[in-house]
$ cat model-v2.cif   # mmCIF, C-alpha atoms; chains and numbers go by the auth columns
data_final
loop_
_atom_site.group_PDB
_atom_site.id
_atom_site.type_symbol
_atom_site.label_atom_id
_atom_site.label_comp_id
_atom_site.label_asym_id
_atom_site.label_seq_id
_atom_site.Cartn_x
_atom_site.Cartn_y
_atom_site.Cartn_z
_atom_site.B_iso_or_equiv
_atom_site.auth_seq_id
_atom_site.auth_asym_id
ATOM 1 C CA MET A 1 0.000 0.000 0.000 0.00 1 A
ATOM 2 C CA ARG A 2 1.289 3.465 -0.898 0.00 2 A
ATOM 3 C CA SER A 3 2.011 6.041 1.759 0.00 3 A
ATOM 4 C CA GLU A 4 0.167 9.358 1.903 0.00 4 A
ATOM 5 C CA LYS A 5 3.427 11.061 0.917 0.00 5 A
ATOM 6 C CA GLN A 6 3.760 8.835 -2.170 0.00 6 A
ATOM 7 C CA LYS A 7 0.179 9.710 -3.127 0.00 7 A
ATOM 8 C CA MET A 8 0.852 13.423 -2.558 0.00 8 A
ATOM 9 C CA LEU A 9 3.979 13.375 -4.718 0.00 9 A
ATOM 10 C CA ALA A 10 2.106 11.487 -7.460 0.00 10 A
ATOM 11 C CA GLY A 11 -0.618 14.160 -7.586 0.00 11 A
ATOM 12 C CA GLU A 12 -3.272 11.798 -6.218 0.00 12 A
ATOM 13 C CA LEU A 13 -5.754 12.346 -3.411 0.00 13 A
ATOM 14 C CA TYR A 14 -4.008 12.061 -0.037 0.00 14 A
ATOM 15 C CA ARG A 15 -4.541 12.902 3.626 0.00 15 A
ATOM 16 C CA ALA A 16 -2.438 15.860 4.782 0.00 16 A
ATOM 17 C CA GLY A 17 -2.964 14.917 8.446 0.00 17 A
ATOM 18 C CA ASP A 18 -0.797 11.830 7.996 0.00 18 A
ATOM 19 C CA ALA A 19 1.879 11.523 10.705 0.00 19 A
ATOM 20 C CA GLN A 20 4.828 11.510 8.265 0.00 20 A
ATOM 21 C CA LEU A 21 3.569 14.582 6.375 0.00 21 A
ATOM 22 C CA THR A 22 2.819 16.386 9.625 0.00 22 A
ATOM 23 C CA ALA A 23 6.356 15.716 10.852 0.00 23 A
ATOM 24 C CA GLU A 24 7.815 16.954 7.559 0.00 24 A
ATOM 25 C CA ARG A 25 5.771 20.179 7.730 0.00 25 A
ATOM 26 C CA ARG A 26 7.003 20.697 11.299 0.00 26 A
ATOM 27 C CA ALA A 27 10.601 20.230 10.123 0.00 27 A
ATOM 28 C CA ALA A 28 9.975 22.780 7.376 0.00 28 A
ATOM 29 C CA THR A 29 8.598 25.192 9.979 0.00 29 A
ATOM 30 C CA VAL A 30 11.785 24.841 12.031 0.00 30 A
ATOM 31 C CA TRP A 31 13.840 25.574 8.901 0.00 31 A
ATOM 32 C CA MET A 32 11.622 28.575 7.987 0.00 32 A
ATOM 33 C CA ASP A 33 11.937 30.000 11.498 0.00 33 A
ATOM 34 C CA ARG A 34 15.726 29.805 11.164 0.00 34 A
ATOM 35 C CA PHE A 35 15.692 31.208 7.620 0.00 35 A
ATOM 36 C CA ASN A 36 13.289 34.037 8.451 0.00 36 A
ATOM 37 C CA ALA A 37 15.301 35.049 11.531 0.00 37 A
ATOM 38 C CA GLN A 38 18.554 35.303 9.579 0.00 38 A
ATOM 39 C CA GLY A 39 18.553 39.066 9.191 0.00 39 A
ATOM 40 C CA ASP A 40 20.923 40.648 6.699 0.00 40 A
ATOM 41 C CA ARG A 41 23.554 37.936 6.207 0.00 41 A
ATOM 42 C CA PRO A 42 26.127 37.611 3.465 0.00 42 A
ATOM 43 C CA HIS A 43 24.655 36.051 0.323 0.00 43 A
ATOM 44 C CA ALA A 44 26.714 32.850 0.687 0.00 44 A
ATOM 45 C CA GLU A 45 25.149 32.171 4.102 0.00 45 A
ATOM 46 C CA THR A 46 21.646 32.838 2.793 0.00 46 A
ATOM 47 C CA LEU A 47 22.237 30.513 -0.167 0.00 47 A
ATOM 48 C CA ALA A 48 23.502 27.791 2.179 0.00 48 A
ATOM 49 C CA LEU A 49 20.312 28.118 4.248 0.00 49 A
ATOM 50 C CA LEU A 50 18.192 27.917 1.091 0.00 50 A
ATOM 51 C CA ARG A 51 19.995 24.781 -0.010 0.00 51 A
ATOM 52 C CA ALA A 52 19.438 23.234 3.415 0.00 52 A
ATOM 53 C CA GLY A 53 15.658 23.706 3.207 0.00 53 A
ATOM 54 C CA LEU A 54 14.736 23.564 -0.464 0.00 54 A
ATOM 55 C CA GLY A 55 14.973 20.838 -3.092 0.00 55 A
ATOM 56 C CA ALA A 56 17.476 22.971 -5.026 0.00 56 A
ATOM 57 C CA ALA A 57 18.731 26.541 -5.144 0.00 57 A
ATOM 58 C CA GLY A 58 20.987 27.523 -8.023 0.00 58 A
ATOM 59 C CA ASP A 59 23.973 29.814 -7.741 0.00 59 A
ATOM 60 C CA GLY A 60 22.927 33.387 -7.077 0.00 60 A
ATOM 61 C CA ALA A 61 19.393 32.471 -5.956 0.00 61 A
ATOM 62 C CA MET A 62 18.007 34.895 -3.375 0.00 62 A
ATOM 63 C CA VAL A 63 14.887 34.718 -1.225 0.00 63 A
ATOM 64 C CA ARG A 64 14.073 37.620 1.081 0.00 64 A
ATOM 65 C CA ALA A 65 12.509 36.815 4.421 0.00 65 A
ATOM 66 C CA PRO A 66 9.851 36.250 5.444 0.00 66 A
ATOM 67 C CA PHE A 67 9.277 33.222 3.251 0.00 67 A
ATOM 68 C CA HIS A 68 6.702 30.485 3.797 0.00 68 A
ATOM 69 C CA CYS A 69 6.233 26.995 2.352 0.00 69 A
ATOM 70 C CA ASP A 70 4.726 23.610 3.240 0.00 70 A
ATOM 71 C CA TYR A 71 7.678 21.247 2.834 0.00 71 A
ATOM 72 C CA GLY A 72 10.502 23.005 0.971 0.00 72 A
ATOM 73 C CA TYR A 73 11.840 19.846 -0.658 0.00 73 A
ATOM 74 C CA ASN A 74 9.462 20.216 -3.637 0.00 74 A
ATOM 75 C CA ILE A 75 10.831 23.684 -4.531 0.00 75 A
ATOM 76 C CA ARG A 76 13.584 23.997 -7.126 0.00 76 A
ATOM 77 C CA LEU A 77 15.039 27.445 -7.818 0.00 77 A
ATOM 78 C CA GLY A 78 17.249 28.038 -10.834 0.00 78 A
ATOM 79 C CA ARG A 79 20.296 30.284 -10.975 0.00 79 A
ATOM 80 C CA ARG A 80 19.829 33.926 -10.006 0.00 80 A
ATOM 81 C CA VAL A 81 16.148 33.466 -9.085 0.00 81 A
ATOM 82 C CA PHE A 82 14.878 36.259 -6.835 0.00 82 A
ATOM 83 C CA LEU A 83 11.858 36.035 -4.517 0.00 83 A
ATOM 84 C CA ASN A 84 11.023 39.246 -2.702 0.00 84 A
ATOM 85 C CA PHE A 85 9.536 39.620 0.790 0.00 85 A
ATOM 86 C CA ASN A 86 6.539 37.609 1.968 0.00 86 A
ATOM 87 C CA CYS A 87 6.276 34.980 -0.750 0.00 87 A
ATOM 88 C CA VAL A 88 4.227 31.853 -0.041 0.00 88 A
ATOM 89 C CA VAL A 89 4.873 28.596 -1.894 0.00 89 A
ATOM 90 C CA LEU A 90 2.493 25.755 -1.044 0.00 90 A
ATOM 91 C CA ASP A 91 4.624 22.929 -2.348 0.00 91 A
ATOM 92 C CA VAL A 92 2.607 19.743 -1.942 0.00 92 A
ATOM 93 C CA ALA A 93 3.618 19.151 -5.580 0.00 93 A
ATOM 94 C CA PRO A 94 6.781 20.218 -7.412 0.00 94 A
ATOM 95 C CA VAL A 95 7.445 23.913 -8.014 0.00 95 A
ATOM 96 C CA GLU A 96 10.171 24.672 -10.545 0.00 96 A
ATOM 97 C CA ILE A 97 11.333 28.234 -11.097 0.00 97 A
ATOM 98 C CA GLY A 98 13.747 28.815 -13.987 0.00 98 A
ATOM 99 C CA ASP A 99 16.970 30.795 -14.128 0.00 99 A
ATOM 100 C CA ASP A 100 16.816 34.593 -13.848 0.00 100 A
ATOM 101 C CA THR A 101 13.153 34.714 -12.801 0.00 101 A
ATOM 102 C CA GLN A 102 12.117 37.574 -10.531 0.00 102 A
ATOM 103 C CA ILE A 103 9.138 37.300 -8.203 0.00 103 A
ATOM 104 C CA GLY A 104 7.705 40.344 -6.446 0.00 104 A
ATOM 105 C CA PRO A 105 6.645 40.714 -2.819 0.00 105 A
ATOM 106 C CA GLY A 106 3.568 38.935 -1.562 0.00 106 A
ATOM 107 C CA VAL A 107 3.353 36.479 -4.460 0.00 107 A
ATOM 108 C CA GLN A 108 1.602 33.163 -3.769 0.00 108 A
ATOM 109 C CA ILE A 109 2.497 30.010 -5.706 0.00 109 A
ATOM 110 C CA LEU A 110 -0.075 27.391 -4.764 0.00 110 A
ATOM 111 C CA THR A 111 0.154 23.761 -5.873 0.00 111 A
ATOM 112 C CA ALA A 112 -2.319 22.626 -3.196 0.00 112 A
ATOM 113 C CA ASP A 113 -5.772 21.824 -4.517 0.00 113 A
ATOM 114 C CA HIS A 114 -8.921 20.200 -3.203 0.00 114 A
ATOM 115 C CA PRO A 115 -11.376 17.769 -4.753 0.00 115 A
ATOM 116 C CA ARG A 116 -14.505 19.256 -6.300 0.00 116 A
ATOM 117 C CA ASP A 117 -16.620 16.511 -4.710 0.00 117 A
ATOM 118 C CA PRO A 118 -17.907 17.852 -1.362 0.00 118 A
ATOM 119 C CA ARG A 119 -17.857 14.399 0.255 0.00 119 A
ATOM 120 C CA ALA A 120 -14.153 13.927 -0.549 0.00 120 A
ATOM 121 C CA ARG A 121 -13.372 17.401 0.852 0.00 121 A
ATOM 122 C CA ARG A 122 -15.345 16.656 4.011 0.00 122 A
ATOM 123 C CA GLU A 123 -13.270 13.487 4.442 0.00 123 A
ATOM 124 C CA GLY A 124 -10.086 15.595 4.357 0.00 124 A
ATOM 125 C CA ALA A 125 -8.758 14.586 0.951 0.00 125 A
ATOM 126 C CA GLU A 126 -6.359 16.927 -0.836 0.00 126 A
ATOM 127 C CA LEU A 127 -4.209 16.809 -3.949 0.00 127 A
ATOM 128 C CA GLY A 128 -1.521 18.863 -5.605 0.00 128 A
ATOM 129 C CA ARG A 129 -0.704 19.880 -9.154 0.00 129 A
ATOM 130 C CA ALA A 130 2.818 20.947 -10.129 0.00 130 A
ATOM 131 C CA ILE A 131 3.674 24.497 -11.168 0.00 131 A
ATOM 132 C CA VAL A 132 6.456 25.254 -13.638 0.00 132 A
ATOM 133 C CA ILE A 133 7.716 28.812 -14.097 0.00 133 A
ATOM 134 C CA GLY A 134 10.163 29.266 -16.960 0.00 134 A
ATOM 135 C CA ARG A 135 13.357 31.265 -17.322 0.00 135 A
ATOM 136 C CA ASN A 136 13.529 35.064 -17.147 0.00 136 A
ATOM 137 C CA VAL A 137 9.920 35.426 -15.980 0.00 137 A
ATOM 138 C CA TRP A 138 8.784 38.459 -14.033 0.00 138 A
ATOM 139 C CA ILE A 139 5.863 38.028 -11.617 0.00 139 A
ATOM 140 C CA GLY A 140 4.589 41.277 -10.119 0.00 140 A
ATOM 141 C CA ALA A 141 3.706 41.960 -6.490 0.00 141 A
ATOM 142 C CA GLY A 142 0.712 40.177 -5.025 0.00 142 A
ATOM 143 C CA ALA A 143 0.133 37.848 -7.971 0.00 143 A
ATOM 144 C CA ILE A 144 -1.291 34.380 -7.339 0.00 144 A
ATOM 145 C CA VAL A 145 -0.339 31.317 -9.390 0.00 145 A
ATOM 146 C CA LEU A 146 -2.885 28.513 -9.025 0.00 146 A
ATOM 147 C CA PRO A 147 -2.330 24.718 -9.117 0.00 147 A
ATOM 148 C CA GLY A 148 -1.126 23.219 -12.380 0.00 148 A
ATOM 149 C CA ALA A 149 -0.214 26.490 -14.114 0.00 149 A
ATOM 150 C CA ARG A 150 2.799 26.658 -16.404 0.00 150 A
ATOM 151 C CA ILE A 151 4.381 30.029 -17.177 0.00 151 A
ATOM 152 C CA GLY A 152 6.616 30.113 -20.251 0.00 152 A
ATOM 153 C CA ASP A 153 10.063 31.658 -20.599 0.00 153 A
ATOM 154 C CA ASP A 154 10.252 35.468 -20.763 0.00 154 A
ATOM 155 C CA ALA A 155 6.600 35.929 -19.693 0.00 155 A
ATOM 156 C CA ILE A 156 5.371 38.747 -17.475 0.00 156 A
ATOM 157 C CA VAL A 157 2.594 38.373 -14.901 0.00 157 A
ATOM 158 C CA GLY A 158 1.194 41.721 -13.796 0.00 158 A
ATOM 159 C CA ALA A 159 0.906 42.716 -10.150 0.00 159 A
ATOM 160 C CA GLY A 160 -2.217 41.313 -8.513 0.00 160 A
ATOM 161 C CA ALA A 161 -2.971 38.914 -11.370 0.00 161 A
ATOM 162 C CA VAL A 162 -4.469 35.494 -10.681 0.00 162 A
ATOM 163 C CA VAL A 163 -2.956 32.905 -13.017 0.00 163 A
ATOM 164 C CA THR A 164 -5.555 30.168 -13.517 0.00 164 A
ATOM 165 C CA ARG A 165 -4.142 28.614 -16.700 0.00 165 A
ATOM 166 C CA ASP A 166 -0.920 28.348 -18.682 0.00 166 A
ATOM 167 C CA VAL A 167 0.866 31.509 -19.824 0.00 167 A
ATOM 168 C CA ALA A 168 2.668 31.312 -23.177 0.00 168 A
ATOM 169 C CA ALA A 169 6.358 32.117 -23.508 0.00 169 A
ATOM 170 C CA GLY A 170 6.889 35.840 -23.983 0.00 170 A
ATOM 171 C CA ALA A 171 3.289 36.749 -23.144 0.00 171 A
ATOM 172 C CA THR A 172 2.230 39.456 -20.715 0.00 172 A
ATOM 173 C CA VAL A 173 -0.852 38.710 -18.624 0.00 173 A
ATOM 174 C CA ALA A 174 -2.745 40.771 -16.060 0.00 174 A
ATOM 175 C CA GLY A 175 -6.052 40.814 -14.226 0.00 175 A
ATOM 176 C CA VAL A 176 -8.362 38.416 -12.434 0.00 176 A
ATOM 177 C CA PRO A 177 -8.322 35.921 -13.965 0.00 177 A
ATOM 178 C CA ALA A 178 -5.083 36.718 -15.773 0.00 178 A
ATOM 179 C CA ARG A 179 -5.567 37.388 -19.481 0.00 179 A
ATOM 180 C CA ARG A 180 -3.100 38.214 -22.207 0.00 180 A
ATOM 181 C CA VAL A 181 -2.518 41.930 -22.612 0.00 181 A
ATOM 182 C CA ARG A 182 0.394 41.757 -25.050 0.00 182 A
ATOM 183 C CA THR A 183 1.618 39.150 -27.510 0.00 183 A
ATOM 184 C CA PRO A 184 5.262 38.398 -28.223 0.00 184 A
#

$ encode --input "model-v2.cif" --output "structure tokens"
Amino acid sequence: MRSEKQKMLAGELYRAGDAQLTAERRAATVWMDRFNAQGDRPHAETLALLRAGLGAAGDGAMVRAPFHCDYGYNIRLGRRVFLNFNCVVLDVAPVEIGDDTQIGPGVQILTADHPRDPRARREGAELGRAIVIGRNVWIGAGAIVLPGARIGDDAIVGAGAVVTRDVAAGATVAGVPARRVRTP
């Protein structure tokens, strides 16, 4: 029988209250407390902390505290990725952020989803859908990226936008829900 973590990582319905997943979220909270209390440290120390808590952090990656996530190990940051203050990444599924991407303050990247069937929700079932953000993307302050979205290379997501579907490479989107405002 598969564990709840195996189901979660496979994008299937799982129970988040599982003991193993609860322990892993607690470990991530300990790491976040340490990361968020770091103050203004040299970049090498910050990068070392990122690499200790995330799945990957490329050279030059920078995350400004406070930062919040579920597990950390499902987050992969490319080289020179920048996340500004107060970003939230719910990483019950993989989150990949490509090289040179810049993410504004207060952005939420949310892989966590819930079944549409009310009975399944009442029983505590959850699922996750991966998010992939390409290279050289700019996501403006307060934007929200919803489960399963893919954002292509060189795209721009306007401040406050809610990304509910894929964004083509080079496109600029804005609004709620995010819609194309400029074509490449």

$ closest_atom_pairs --input "model-v2.cif" --of "stretch 58-117 of chain A" --to "stretch 162-180 of chain A" --cutoff "12 Å" --atoms "all atoms listed in the file" --output "tab-separated table"
residue	atom	partner	partner_atom	distance
A:Val107	CA	A:Val162	CA	10.0
A:Gln108	CA	A:Val162	CA	9.5
A:Ile109	CA	A:Val163	CA	9.6
A:Leu110	CA	A:Val163	CA	10.3
A:Thr111	CA	A:Thr164	CA	11.5

$ resolve_selection --input "model-v2.cif" --expression "the PyMOL selection byres ((chain A and resi 4) around 7)" --output "PyMOL selection string"
chain A and resi 2-3+5-8+14-15+18

$ closest_residue --input "model-v2.cif" --among "A:Val30, A:Ala112, A:Ile75, A:Val81" --to "A:Asp59" --atoms "all atoms listed in the file"
A:Val81

$ atom_distance --input "model-v2.cif" --atom1 "atom CA of A:Ala65" --atom2 "atom CA of A:Ala149"
24.7 Å

$ residues_around --input "model-v2.cif" --residues "A:Gly128" --least-positions-apart "5" --cutoff "10 Å" --atoms "only C-alpha atoms" --output "list in words"
Lys7, Met8, Leu9, Ala10, Gly11, Glu12, Leu13, Tyr14, Leu90, Asp91, Val92, Ala93, Pro94, Leu110, Thr111, Ala112, Asp113, His114, Pro115, Pro147 and Gly148 of chain A

$ residues_around --input "model-v2.cif" --residues "A:Ala37" --least-positions-apart "4" --cutoff "12 Å" --atoms "only C-alpha atoms" --output "list in words"
Val30, Trp31, Met32, Asp33, Arg41, Thr46, Leu49, Arg64, Ala65, Pro66 and Phe67 of chain A

$ closest_residue --input "model-v2.cif" --among "A:Ala120, A:Ile103, A:Ala16, A:Ile97" --to "A:Arg150" --atoms "only C-alpha atoms"
A:Ile97

$ decode --input "model-v2.cif" --residues "stretch 107-123 of chain A" --atoms "N, CA and C atoms" --output "compact mmCIF listing (two decimals), in the first residue's frame"
# COMPACT_ATOMS: atom_id res chain seq x y z
N VAL A 107 3.84 37.42 -3.45
CA VAL A 107 3.35 36.48 -4.46
C VAL A 107 3.05 35.14 -3.79
N GLN A 108 1.98 34.49 -4.25
CA GLN A 108 1.60 33.16 -3.77
C GLN A 108 1.66 32.17 -4.93
N ILE A 109 2.38 31.08 -4.72
CA ILE A 109 2.50 30.01 -5.71
C ILE A 109 1.91 28.78 -5.03
N LEU A 110 0.75 28.33 -5.52
CA LEU A 110 -0.07 27.39 -4.76
C LEU A 110 -0.32 26.11 -5.55
N THR A 111 0.40 25.04 -5.22
CA THR A 111 0.15 23.76 -5.87
C THR A 111 -0.98 23.00 -5.20
N ALA A 112 -1.30 23.34 -3.96
CA ALA A 112 -2.32 22.63 -3.20
C ALA A 112 -3.69 22.86 -3.80
N ASP A 113 -4.44 21.76 -3.94
CA ASP A 113 -5.77 21.82 -4.52
C ASP A 113 -6.68 20.91 -3.69
N HIS A 114 -7.95 20.99 -3.94
CA HIS A 114 -8.92 20.20 -3.20
C HIS A 114 -9.90 19.59 -4.18
N PRO A 115 -10.42 18.41 -3.85
CA PRO A 115 -11.38 17.77 -4.75
C PRO A 115 -12.64 18.60 -4.91
N ARG A 116 -13.27 18.51 -6.06
CA ARG A 116 -14.50 19.26 -6.30
C ARG A 116 -15.70 18.57 -5.64
N ASP A 117 -15.56 17.27 -5.37
CA ASP A 117 -16.62 16.51 -4.71
C ASP A 117 -16.68 16.90 -3.23
N PRO A 118 -17.82 17.40 -2.75
CA PRO A 118 -17.91 17.85 -1.36
C PRO A 118 -17.66 16.74 -0.34
N ARG A 119 -18.06 15.51 -0.67
CA ARG A 119 -17.86 14.40 0.26
C ARG A 119 -16.36 14.14 0.45
N ALA A 120 -15.60 14.15 -0.64
CA ALA A 120 -14.15 13.93 -0.55
C ALA A 120 -13.49 15.04 0.26
N ARG A 121 -13.93 16.29 0.07
CA ARG A 121 -13.37 17.40 0.85
C ARG A 121 -13.69 17.22 2.33
N ARG A 122 -14.93 16.85 2.62
CA ARG A 122 -15.35 16.66 4.01
C ARG A 122 -14.52 15.57 4.69
N GLU A 123 -14.09 14.58 3.91
CA GLU A 123 -13.27 13.49 4.44
C GLU A 123 -11.80 13.87 4.57
